[in-house]
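What follows is the content of coords_12.cif, which has mmCIF, all heavy atoms:
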data_structure
loop_
_atom_site.label_atom_id
_atom_site.label_comp_id
_atom_site.auth_asym_id
_atom_site.auth_seq_id
_atom_site.Cartn_x
_atom_site.Cartn_y
_atom_site.Cartn_z
N MET A 1016 0.68 -10.64 -17.05
CA MET A 1016 0.27 -10.79 -15.67
C MET A 1016 -0.36 -9.50 -15.15
O MET A 1016 -1.25 -9.54 -14.34
CB MET A 1016 1.52 -11.19 -14.86
CG MET A 1016 1.21 -11.54 -13.46
SD MET A 1016 0.31 -13.08 -13.46
CE MET A 1016 0.10 -13.35 -11.78
N LEU A 1017 0.14 -8.39 -15.63
CA LEU A 1017 -0.36 -7.11 -15.13
C LEU A 1017 -1.80 -6.84 -15.56
O LEU A 1017 -2.56 -6.21 -14.83
CB LEU A 1017 0.56 -5.99 -15.63
CG LEU A 1017 0.43 -4.65 -14.94
CD1 LEU A 1017 0.92 -4.77 -13.50
CD2 LEU A 1017 1.25 -3.61 -15.66
N LEU A 1018 -2.17 -7.33 -16.71
CA LEU A 1018 -3.50 -7.04 -17.25
C LEU A 1018 -4.56 -8.06 -16.81
O LEU A 1018 -5.71 -7.94 -17.20
CB LEU A 1018 -3.44 -6.99 -18.78
CG LEU A 1018 -2.54 -5.92 -19.37
CD1 LEU A 1018 -2.47 -6.07 -20.88
CD2 LEU A 1018 -3.04 -4.55 -19.01
N THR A 1019 -4.21 -9.05 -16.02
CA THR A 1019 -5.16 -10.09 -15.67
C THR A 1019 -6.26 -9.60 -14.74
O THR A 1019 -7.36 -10.13 -14.76
CB THR A 1019 -4.45 -11.28 -15.01
OG1 THR A 1019 -3.74 -10.82 -13.87
CG2 THR A 1019 -3.53 -11.96 -15.97
N SER A 1020 -6.00 -8.60 -13.94
CA SER A 1020 -7.02 -8.13 -13.00
C SER A 1020 -7.94 -7.07 -13.60
O SER A 1020 -8.88 -6.64 -12.93
CB SER A 1020 -6.37 -7.59 -11.74
OG SER A 1020 -5.66 -6.41 -12.04
N PHE A 1021 -7.69 -6.64 -14.83
CA PHE A 1021 -8.53 -5.59 -15.41
C PHE A 1021 -9.96 -6.04 -15.61
O PHE A 1021 -10.89 -5.26 -15.43
CB PHE A 1021 -7.94 -5.09 -16.72
CG PHE A 1021 -6.85 -4.06 -16.55
CD1 PHE A 1021 -6.44 -3.63 -15.31
CD2 PHE A 1021 -6.26 -3.49 -17.65
CE1 PHE A 1021 -5.46 -2.69 -15.16
CE2 PHE A 1021 -5.27 -2.54 -17.52
CZ PHE A 1021 -4.87 -2.15 -16.26
N SER A 1022 -10.18 -7.29 -16.00
CA SER A 1022 -11.55 -7.75 -16.19
C SER A 1022 -12.30 -7.82 -14.86
O SER A 1022 -13.48 -7.47 -14.79
CB SER A 1022 -11.56 -9.11 -16.88
OG SER A 1022 -10.87 -10.06 -16.09
N ILE A 1023 -11.63 -8.23 -13.81
CA ILE A 1023 -12.26 -8.27 -12.49
C ILE A 1023 -12.58 -6.86 -12.02
O ILE A 1023 -13.66 -6.60 -11.47
CB ILE A 1023 -11.35 -9.00 -11.49
CG1 ILE A 1023 -11.16 -10.44 -11.93
CG2 ILE A 1023 -11.91 -8.93 -10.08
CD1 ILE A 1023 -10.09 -11.18 -11.19
N THR A 1024 -11.65 -5.93 -12.22
CA THR A 1024 -11.87 -4.55 -11.82
C THR A 1024 -13.04 -3.94 -12.59
O THR A 1024 -13.87 -3.23 -12.03
CB THR A 1024 -10.60 -3.72 -12.08
OG1 THR A 1024 -9.51 -4.32 -11.38
CG2 THR A 1024 -10.76 -2.29 -11.62
N THR A 1025 -13.13 -4.23 -13.88
CA THR A 1025 -14.21 -3.71 -14.71
C THR A 1025 -15.56 -4.24 -14.25
O THR A 1025 -16.52 -3.48 -14.11
CB THR A 1025 -13.97 -4.07 -16.18
OG1 THR A 1025 -12.71 -3.54 -16.57
CG2 THR A 1025 -15.04 -3.50 -17.06
N ILE A 1026 -15.65 -5.53 -14.01
CA ILE A 1026 -16.92 -6.12 -13.58
C ILE A 1026 -17.33 -5.59 -12.21
O ILE A 1026 -18.51 -5.27 -11.97
CB ILE A 1026 -16.81 -7.65 -13.58
CG1 ILE A 1026 -16.70 -8.15 -15.02
CG2 ILE A 1026 -18.00 -8.28 -12.88
CD1 ILE A 1026 -16.37 -9.60 -15.13
N LEU A 1027 -16.38 -5.45 -11.30
CA LEU A 1027 -16.70 -4.92 -9.97
C LEU A 1027 -17.18 -3.47 -10.05
O LEU A 1027 -18.18 -3.10 -9.42
CB LEU A 1027 -15.47 -5.01 -9.07
CG LEU A 1027 -15.64 -4.49 -7.65
CD1 LEU A 1027 -16.68 -5.31 -6.90
CD2 LEU A 1027 -14.32 -4.50 -6.92
N ALA A 1028 -16.51 -2.66 -10.86
CA ALA A 1028 -16.93 -1.26 -11.00
C ALA A 1028 -18.30 -1.16 -11.64
O ALA A 1028 -19.13 -0.33 -11.24
CB ALA A 1028 -15.90 -0.50 -11.83
N GLN A 1029 -18.57 -2.00 -12.63
CA GLN A 1029 -19.88 -1.96 -13.29
C GLN A 1029 -20.98 -2.43 -12.36
O GLN A 1029 -22.11 -1.94 -12.43
CB GLN A 1029 -19.85 -2.82 -14.55
CG GLN A 1029 -19.06 -2.20 -15.66
CD GLN A 1029 -18.95 -3.10 -16.87
OE1 GLN A 1029 -19.31 -4.26 -16.83
NE2 GLN A 1029 -18.42 -2.55 -17.96
N SER A 1030 -20.69 -3.36 -11.47
CA SER A 1030 -21.72 -3.81 -10.53
C SER A 1030 -21.99 -2.76 -9.45
O SER A 1030 -23.10 -2.65 -8.95
CB SER A 1030 -21.33 -5.14 -9.89
OG SER A 1030 -20.21 -4.97 -9.06
N LEU A 1031 -20.97 -1.98 -9.10
CA LEU A 1031 -21.17 -0.94 -8.09
C LEU A 1031 -21.98 0.24 -8.64
O LEU A 1031 -22.79 0.82 -7.93
CB LEU A 1031 -19.82 -0.45 -7.56
CG LEU A 1031 -19.05 -1.45 -6.70
CD1 LEU A 1031 -17.67 -0.89 -6.38
CD2 LEU A 1031 -19.80 -1.77 -5.44
N LEU A 1032 -21.72 0.60 -9.87
CA LEU A 1032 -22.43 1.70 -10.53
C LEU A 1032 -23.14 1.16 -11.77
O LEU A 1032 -22.71 1.40 -12.90
CB LEU A 1032 -21.48 2.82 -10.90
CG LEU A 1032 -20.82 3.57 -9.76
CD1 LEU A 1032 -19.76 4.52 -10.28
CD2 LEU A 1032 -21.86 4.34 -8.97
N SER A 1033 -24.21 0.45 -11.57
CA SER A 1033 -24.85 -0.24 -12.69
C SER A 1033 -25.51 0.73 -13.68
O SER A 1033 -25.63 0.42 -14.86
CB SER A 1033 -25.88 -1.23 -12.17
OG SER A 1033 -26.85 -0.55 -11.40
N LYS A 1034 -25.92 1.92 -13.23
CA LYS A 1034 -26.55 2.87 -14.16
C LYS A 1034 -25.53 3.54 -15.06
O LYS A 1034 -25.85 3.97 -16.16
CB LYS A 1034 -27.33 3.92 -13.38
CG LYS A 1034 -28.56 3.37 -12.72
CD LYS A 1034 -29.37 4.44 -12.06
CE LYS A 1034 -30.61 3.86 -11.42
NZ LYS A 1034 -31.45 4.89 -10.81
N ASN A 1035 -24.30 3.68 -14.58
CA ASN A 1035 -23.22 4.30 -15.36
C ASN A 1035 -22.07 3.31 -15.50
O ASN A 1035 -20.95 3.56 -15.05
CB ASN A 1035 -22.73 5.58 -14.68
CG ASN A 1035 -23.79 6.65 -14.65
OD1 ASN A 1035 -24.53 6.80 -15.60
ND2 ASN A 1035 -23.86 7.38 -13.56
N ALA A 1036 -22.33 2.18 -16.13
CA ALA A 1036 -21.34 1.10 -16.20
C ALA A 1036 -20.09 1.51 -16.97
O ALA A 1036 -18.97 1.18 -16.58
CB ALA A 1036 -21.96 -0.14 -16.81
N VAL A 1037 -20.26 2.22 -18.05
CA VAL A 1037 -19.11 2.62 -18.86
C VAL A 1037 -18.22 3.60 -18.11
O VAL A 1037 -16.99 3.49 -18.10
CB VAL A 1037 -19.58 3.23 -20.21
CG1 VAL A 1037 -18.40 3.74 -21.01
CG2 VAL A 1037 -20.36 2.20 -21.00
N MET A 1038 -18.85 4.56 -17.44
CA MET A 1038 -18.08 5.53 -16.67
C MET A 1038 -17.37 4.85 -15.50
O MET A 1038 -16.21 5.15 -15.21
CB MET A 1038 -18.99 6.63 -16.12
CG MET A 1038 -18.22 7.71 -15.37
SD MET A 1038 -19.26 8.95 -14.62
CE MET A 1038 -19.98 8.03 -13.28
N ALA A 1039 -18.03 3.92 -14.84
CA ALA A 1039 -17.43 3.24 -13.69
C ALA A 1039 -16.21 2.43 -14.10
O ALA A 1039 -15.17 2.49 -13.43
CB ALA A 1039 -18.46 2.33 -13.04
N SER A 1040 -16.30 1.69 -15.19
CA SER A 1040 -15.15 0.90 -15.61
C SER A 1040 -14.01 1.80 -16.10
O SER A 1040 -12.84 1.52 -15.84
CB SER A 1040 -15.55 -0.09 -16.69
OG SER A 1040 -16.06 0.57 -17.83
N GLY A 1041 -14.33 2.88 -16.76
CA GLY A 1041 -13.30 3.81 -17.21
C GLY A 1041 -12.58 4.47 -16.05
O GLY A 1041 -11.36 4.61 -16.06
N LEU A 1042 -13.33 4.86 -15.03
CA LEU A 1042 -12.71 5.48 -13.86
C LEU A 1042 -11.84 4.48 -13.11
O LEU A 1042 -10.74 4.81 -12.66
CB LEU A 1042 -13.78 6.03 -12.92
CG LEU A 1042 -14.47 7.31 -13.36
CD1 LEU A 1042 -15.62 7.65 -12.42
CD2 LEU A 1042 -13.48 8.46 -13.39
N ALA A 1043 -12.32 3.26 -12.95
CA ALA A 1043 -11.55 2.25 -12.21
C ALA A 1043 -10.24 1.92 -12.93
O ALA A 1043 -9.18 1.85 -12.30
CB ALA A 1043 -12.39 1.01 -12.01
N LEU A 1044 -10.31 1.69 -14.22
CA LEU A 1044 -9.10 1.35 -14.96
C LEU A 1044 -8.15 2.54 -15.06
O LEU A 1044 -6.94 2.38 -14.96
CB LEU A 1044 -9.46 0.82 -16.35
CG LEU A 1044 -10.22 -0.50 -16.35
CD1 LEU A 1044 -10.60 -0.88 -17.78
CD2 LEU A 1044 -9.42 -1.59 -15.71
N GLY A 1045 -8.70 3.73 -15.25
CA GLY A 1045 -7.86 4.92 -15.31
C GLY A 1045 -7.16 5.19 -13.99
O GLY A 1045 -5.99 5.57 -13.94
N PHE A 1046 -7.88 4.97 -12.89
CA PHE A 1046 -7.28 5.17 -11.57
C PHE A 1046 -6.16 4.17 -11.33
O PHE A 1046 -5.10 4.52 -10.82
CB PHE A 1046 -8.36 5.03 -10.48
CG PHE A 1046 -7.85 5.24 -9.10
CD1 PHE A 1046 -7.54 6.51 -8.64
CD2 PHE A 1046 -7.69 4.16 -8.24
CE1 PHE A 1046 -7.07 6.70 -7.36
CE2 PHE A 1046 -7.22 4.35 -6.96
CZ PHE A 1046 -6.91 5.61 -6.52
N GLY A 1047 -6.38 2.93 -11.74
CA GLY A 1047 -5.35 1.91 -11.57
C GLY A 1047 -4.09 2.21 -12.36
O GLY A 1047 -2.97 2.06 -11.87
N LYS A 1048 -4.26 2.66 -13.58
CA LYS A 1048 -3.09 2.99 -14.40
C LYS A 1048 -2.39 4.24 -13.87
O LYS A 1048 -1.17 4.33 -13.91
CB LYS A 1048 -3.50 3.20 -15.86
CG LYS A 1048 -3.82 1.92 -16.55
CD LYS A 1048 -4.02 2.15 -18.03
CE LYS A 1048 -4.30 0.83 -18.69
NZ LYS A 1048 -3.35 0.54 -19.74
N GLY A 1049 -3.16 5.20 -13.35
CA GLY A 1049 -2.56 6.40 -12.79
C GLY A 1049 -1.74 6.12 -11.54
O GLY A 1049 -0.64 6.63 -11.38
N ILE A 1050 -2.27 5.27 -10.67
CA ILE A 1050 -1.53 4.91 -9.47
C ILE A 1050 -0.27 4.13 -9.83
O ILE A 1050 0.79 4.31 -9.22
CB ILE A 1050 -2.43 4.09 -8.51
CG1 ILE A 1050 -3.55 4.97 -7.97
CG2 ILE A 1050 -1.64 3.47 -7.38
CD1 ILE A 1050 -3.08 6.15 -7.13
N GLY A 1051 -0.37 3.27 -10.84
CA GLY A 1051 0.81 2.54 -11.31
C GLY A 1051 1.88 3.47 -11.85
O GLY A 1051 3.07 3.29 -11.60
N GLY A 1052 1.46 4.50 -12.57
CA GLY A 1052 2.40 5.49 -13.09
C GLY A 1052 3.09 6.27 -11.98
O GLY A 1052 4.29 6.55 -12.06
N LEU A 1053 2.34 6.59 -10.94
CA LEU A 1053 2.95 7.28 -9.80
C LEU A 1053 3.95 6.38 -9.09
O LEU A 1053 5.00 6.83 -8.64
CB LEU A 1053 1.87 7.74 -8.82
CG LEU A 1053 1.00 8.90 -9.27
CD1 LEU A 1053 -0.11 9.14 -8.25
CD2 LEU A 1053 1.83 10.15 -9.43
N GLY A 1054 3.62 5.10 -8.99
CA GLY A 1054 4.53 4.15 -8.35
C GLY A 1054 5.84 4.02 -9.11
O GLY A 1054 6.91 3.93 -8.50
N VAL A 1055 5.76 4.02 -10.43
CA VAL A 1055 6.98 3.95 -11.24
C VAL A 1055 7.84 5.19 -11.01
O VAL A 1055 9.06 5.09 -10.87
CB VAL A 1055 6.63 3.78 -12.73
CG1 VAL A 1055 7.84 4.01 -13.61
CG2 VAL A 1055 6.04 2.42 -12.98
N GLY A 1056 7.21 6.35 -10.94
CA GLY A 1056 7.96 7.58 -10.70
C GLY A 1056 8.63 7.60 -9.34
O GLY A 1056 9.78 8.02 -9.20
N LEU A 1057 7.93 7.12 -8.32
CA LEU A 1057 8.52 7.06 -6.98
C LEU A 1057 9.66 6.05 -6.92
O LEU A 1057 10.68 6.29 -6.27
CB LEU A 1057 7.45 6.72 -5.95
CG LEU A 1057 6.38 7.79 -5.72
CD1 LEU A 1057 5.30 7.26 -4.79
CD2 LEU A 1057 7.00 9.04 -5.15
N PHE A 1058 9.48 4.91 -7.58
CA PHE A 1058 10.53 3.90 -7.61
C PHE A 1058 11.77 4.42 -8.33
O PHE A 1058 12.90 4.17 -7.92
CB PHE A 1058 10.00 2.63 -8.29
CG PHE A 1058 10.88 1.45 -8.12
CD1 PHE A 1058 11.06 0.87 -6.89
CD2 PHE A 1058 11.53 0.91 -9.22
CE1 PHE A 1058 11.88 -0.23 -6.73
CE2 PHE A 1058 12.35 -0.20 -9.08
CZ PHE A 1058 12.52 -0.77 -7.83
N GLU A 1059 11.55 5.18 -9.41
CA GLU A 1059 12.68 5.77 -10.14
C GLU A 1059 13.44 6.76 -9.26
O GLU A 1059 14.67 6.79 -9.26
CB GLU A 1059 12.17 6.47 -11.39
CG GLU A 1059 13.24 7.19 -12.17
CD GLU A 1059 12.70 8.06 -13.27
OE1 GLU A 1059 11.48 8.29 -13.33
OE2 GLU A 1059 13.52 8.53 -14.08
N THR A 1060 12.72 7.56 -8.49
CA THR A 1060 13.36 8.51 -7.58
C THR A 1060 14.17 7.79 -6.51
O THR A 1060 15.28 8.20 -6.19
CB THR A 1060 12.30 9.41 -6.93
OG1 THR A 1060 11.54 10.05 -7.95
CG2 THR A 1060 12.92 10.44 -6.04
N LEU A 1061 13.61 6.71 -5.97
CA LEU A 1061 14.32 5.93 -4.96
C LEU A 1061 15.59 5.33 -5.53
O LEU A 1061 16.64 5.36 -4.88
CB LEU A 1061 13.41 4.83 -4.43
CG LEU A 1061 13.98 3.94 -3.34
CD1 LEU A 1061 14.21 4.76 -2.08
CD2 LEU A 1061 13.04 2.80 -3.05
N ILE A 1062 15.53 4.82 -6.74
CA ILE A 1062 16.74 4.26 -7.36
C ILE A 1062 17.76 5.36 -7.63
O ILE A 1062 18.95 5.16 -7.45
CB ILE A 1062 16.37 3.52 -8.66
CG1 ILE A 1062 15.68 2.21 -8.32
CG2 ILE A 1062 17.60 3.25 -9.52
CD1 ILE A 1062 15.23 1.43 -9.52
N GLY A 1063 17.28 6.55 -8.02
CA GLY A 1063 18.20 7.65 -8.25
C GLY A 1063 18.92 8.08 -6.99
O GLY A 1063 20.09 8.45 -7.02
N LEU A 1064 18.24 8.02 -5.85
CA LEU A 1064 18.85 8.41 -4.59
C LEU A 1064 19.77 7.34 -4.02
O LEU A 1064 20.85 7.64 -3.52
CB LEU A 1064 17.76 8.75 -3.56
CG LEU A 1064 16.92 9.98 -3.85
CD1 LEU A 1064 15.80 10.09 -2.83
CD2 LEU A 1064 17.77 11.23 -3.82
N LYS A 1065 19.36 6.10 -4.09
CA LYS A 1065 20.11 5.01 -3.45
C LYS A 1065 21.04 4.27 -4.41
O LYS A 1065 21.96 3.62 -3.97
CB LYS A 1065 19.13 3.99 -2.83
CG LYS A 1065 18.28 4.57 -1.75
CD LYS A 1065 19.10 4.84 -0.51
CE LYS A 1065 18.20 5.32 0.61
NZ LYS A 1065 18.90 5.53 1.85
N GLY A 1066 20.76 4.31 -5.69
CA GLY A 1066 21.57 3.58 -6.65
C GLY A 1066 20.98 2.22 -6.96
O GLY A 1066 20.25 1.65 -6.15
N THR A 1067 21.28 1.70 -8.14
CA THR A 1067 20.69 0.43 -8.55
C THR A 1067 21.26 -0.75 -7.78
O THR A 1067 20.58 -1.73 -7.56
CB THR A 1067 20.91 0.20 -10.05
OG1 THR A 1067 22.30 0.29 -10.33
CG2 THR A 1067 20.14 1.21 -10.87
N SER A 1068 22.50 -0.69 -7.35
CA SER A 1068 23.09 -1.83 -6.63
C SER A 1068 22.39 -2.04 -5.30
O SER A 1068 22.21 -3.18 -4.86
CB SER A 1068 24.58 -1.62 -6.44
OG SER A 1068 24.81 -0.46 -5.67
N CYS A 1069 21.98 -0.98 -4.65
CA CYS A 1069 21.27 -1.12 -3.38
C CYS A 1069 19.92 -1.79 -3.57
O CYS A 1069 19.53 -2.66 -2.80
CB CYS A 1069 21.07 0.25 -2.72
SG CYS A 1069 20.10 0.19 -1.21
N LYS A 1070 19.19 -1.43 -4.61
CA LYS A 1070 17.87 -2.03 -4.86
C LYS A 1070 17.99 -3.49 -5.22
O LYS A 1070 17.17 -4.29 -4.83
CB LYS A 1070 17.12 -1.28 -5.94
CG LYS A 1070 16.61 0.07 -5.55
CD LYS A 1070 15.82 0.03 -4.27
CE LYS A 1070 14.55 -0.80 -4.37
NZ LYS A 1070 13.85 -0.97 -3.09
N ILE A 1071 19.01 -3.86 -5.96
CA ILE A 1071 19.18 -5.26 -6.33
C ILE A 1071 19.51 -6.09 -5.09
O ILE A 1071 18.97 -7.17 -4.89
CB ILE A 1071 20.27 -5.41 -7.42
CG1 ILE A 1071 19.77 -4.78 -8.72
CG2 ILE A 1071 20.63 -6.87 -7.64
CD1 ILE A 1071 20.83 -4.68 -9.79
N LYS A 1072 20.35 -5.58 -4.20
CA LYS A 1072 20.72 -6.30 -2.99
C LYS A 1072 19.54 -6.39 -2.01
O LYS A 1072 19.36 -7.39 -1.36
CB LYS A 1072 21.90 -5.62 -2.31
CG LYS A 1072 23.20 -5.75 -3.05
CD LYS A 1072 24.30 -5.00 -2.34
CE LYS A 1072 25.57 -5.01 -3.15
NZ LYS A 1072 26.62 -4.20 -2.52
N CYS A 1073 18.76 -5.33 -1.90
CA CYS A 1073 17.67 -5.29 -0.94
C CYS A 1073 16.52 -6.22 -1.33
O CYS A 1073 15.80 -6.71 -0.47
CB CYS A 1073 17.13 -3.88 -0.78
SG CYS A 1073 18.34 -2.76 -0.05
N ASN A 1074 16.31 -6.46 -2.62
CA ASN A 1074 15.19 -7.29 -3.07
C ASN A 1074 15.48 -8.78 -3.00
O ASN A 1074 14.61 -9.57 -3.20
CB ASN A 1074 14.81 -6.92 -4.51
CG ASN A 1074 14.05 -5.60 -4.53
OD1 ASN A 1074 13.46 -5.23 -3.54
ND2 ASN A 1074 14.12 -4.92 -5.64
N ARG A 1075 16.68 -9.18 -2.74
CA ARG A 1075 17.01 -10.61 -2.68
C ARG A 1075 16.83 -11.16 -1.32
O ARG A 1075 16.78 -10.82 -0.31
CB ARG A 1075 18.43 -10.86 -3.14
CG ARG A 1075 18.53 -10.64 -4.62
CD ARG A 1075 19.86 -11.04 -5.11
NE ARG A 1075 19.86 -10.84 -6.55
CZ ARG A 1075 20.82 -11.21 -7.31
NH1 ARG A 1075 21.89 -11.79 -6.81
NH2 ARG A 1075 20.77 -11.01 -8.60
#
As structure tokens, how would this structure be written, given the file I've shared?
Amino acid sequence: MLLTSFSITTILAQSLLSKNAVMASGLALGFGKGIGGLGVGLFETLIGLKGTSCKIKCNR
């Protein structure tokens, strides 16, 4: 499910920067993976501060 939007992101980036299509798709996908990595780190910090039982209760 996570990888389903990569083709859409690649096509959109290539249409925006048609002269540098390879660079545009690489930047878009790299940015998406980088932001995802930061989100995982922040989520881990939140779980470390609040505990896993709080996150399980809050998401239901």
What does the distance between atom C of Thr1025 of chain A and atom CB of Ser1040 of chain A come to in Å, to one decimal place?
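About the pair atom C of Thr1025 of chain A and atom CB of Ser1040 of chain A: they are 4.8 Å apart.
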Between atom CD2 of Leu1064 of chain A and atom O of Gly1047 of chain A, measure the distance and give it in Å to one decimal.
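That distance, rounded to one decimal, is 24.1 Å.
Atom N of Ala1043 of chain A is found 7.9 Å from atom O of Ala1028 of chain A.
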Mind giving me the axis-aligned box for segment 1037-1056 of chain A with 4 Å on every side, centre plus edges in Å to one decimal, as AutoDock Vina command-line options?
--center_x -5.3 --center_y 4.3 --center_z -13.8 --size_x 38.1 --size_y 19.7 --size_z 22.5
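Among the candidates A:Val1055, A:Leu1061, A:Val1037, A:Leu1044, the one nearest to Thr1024 of chain A when counting only C-alpha atoms is A:Leu1044.
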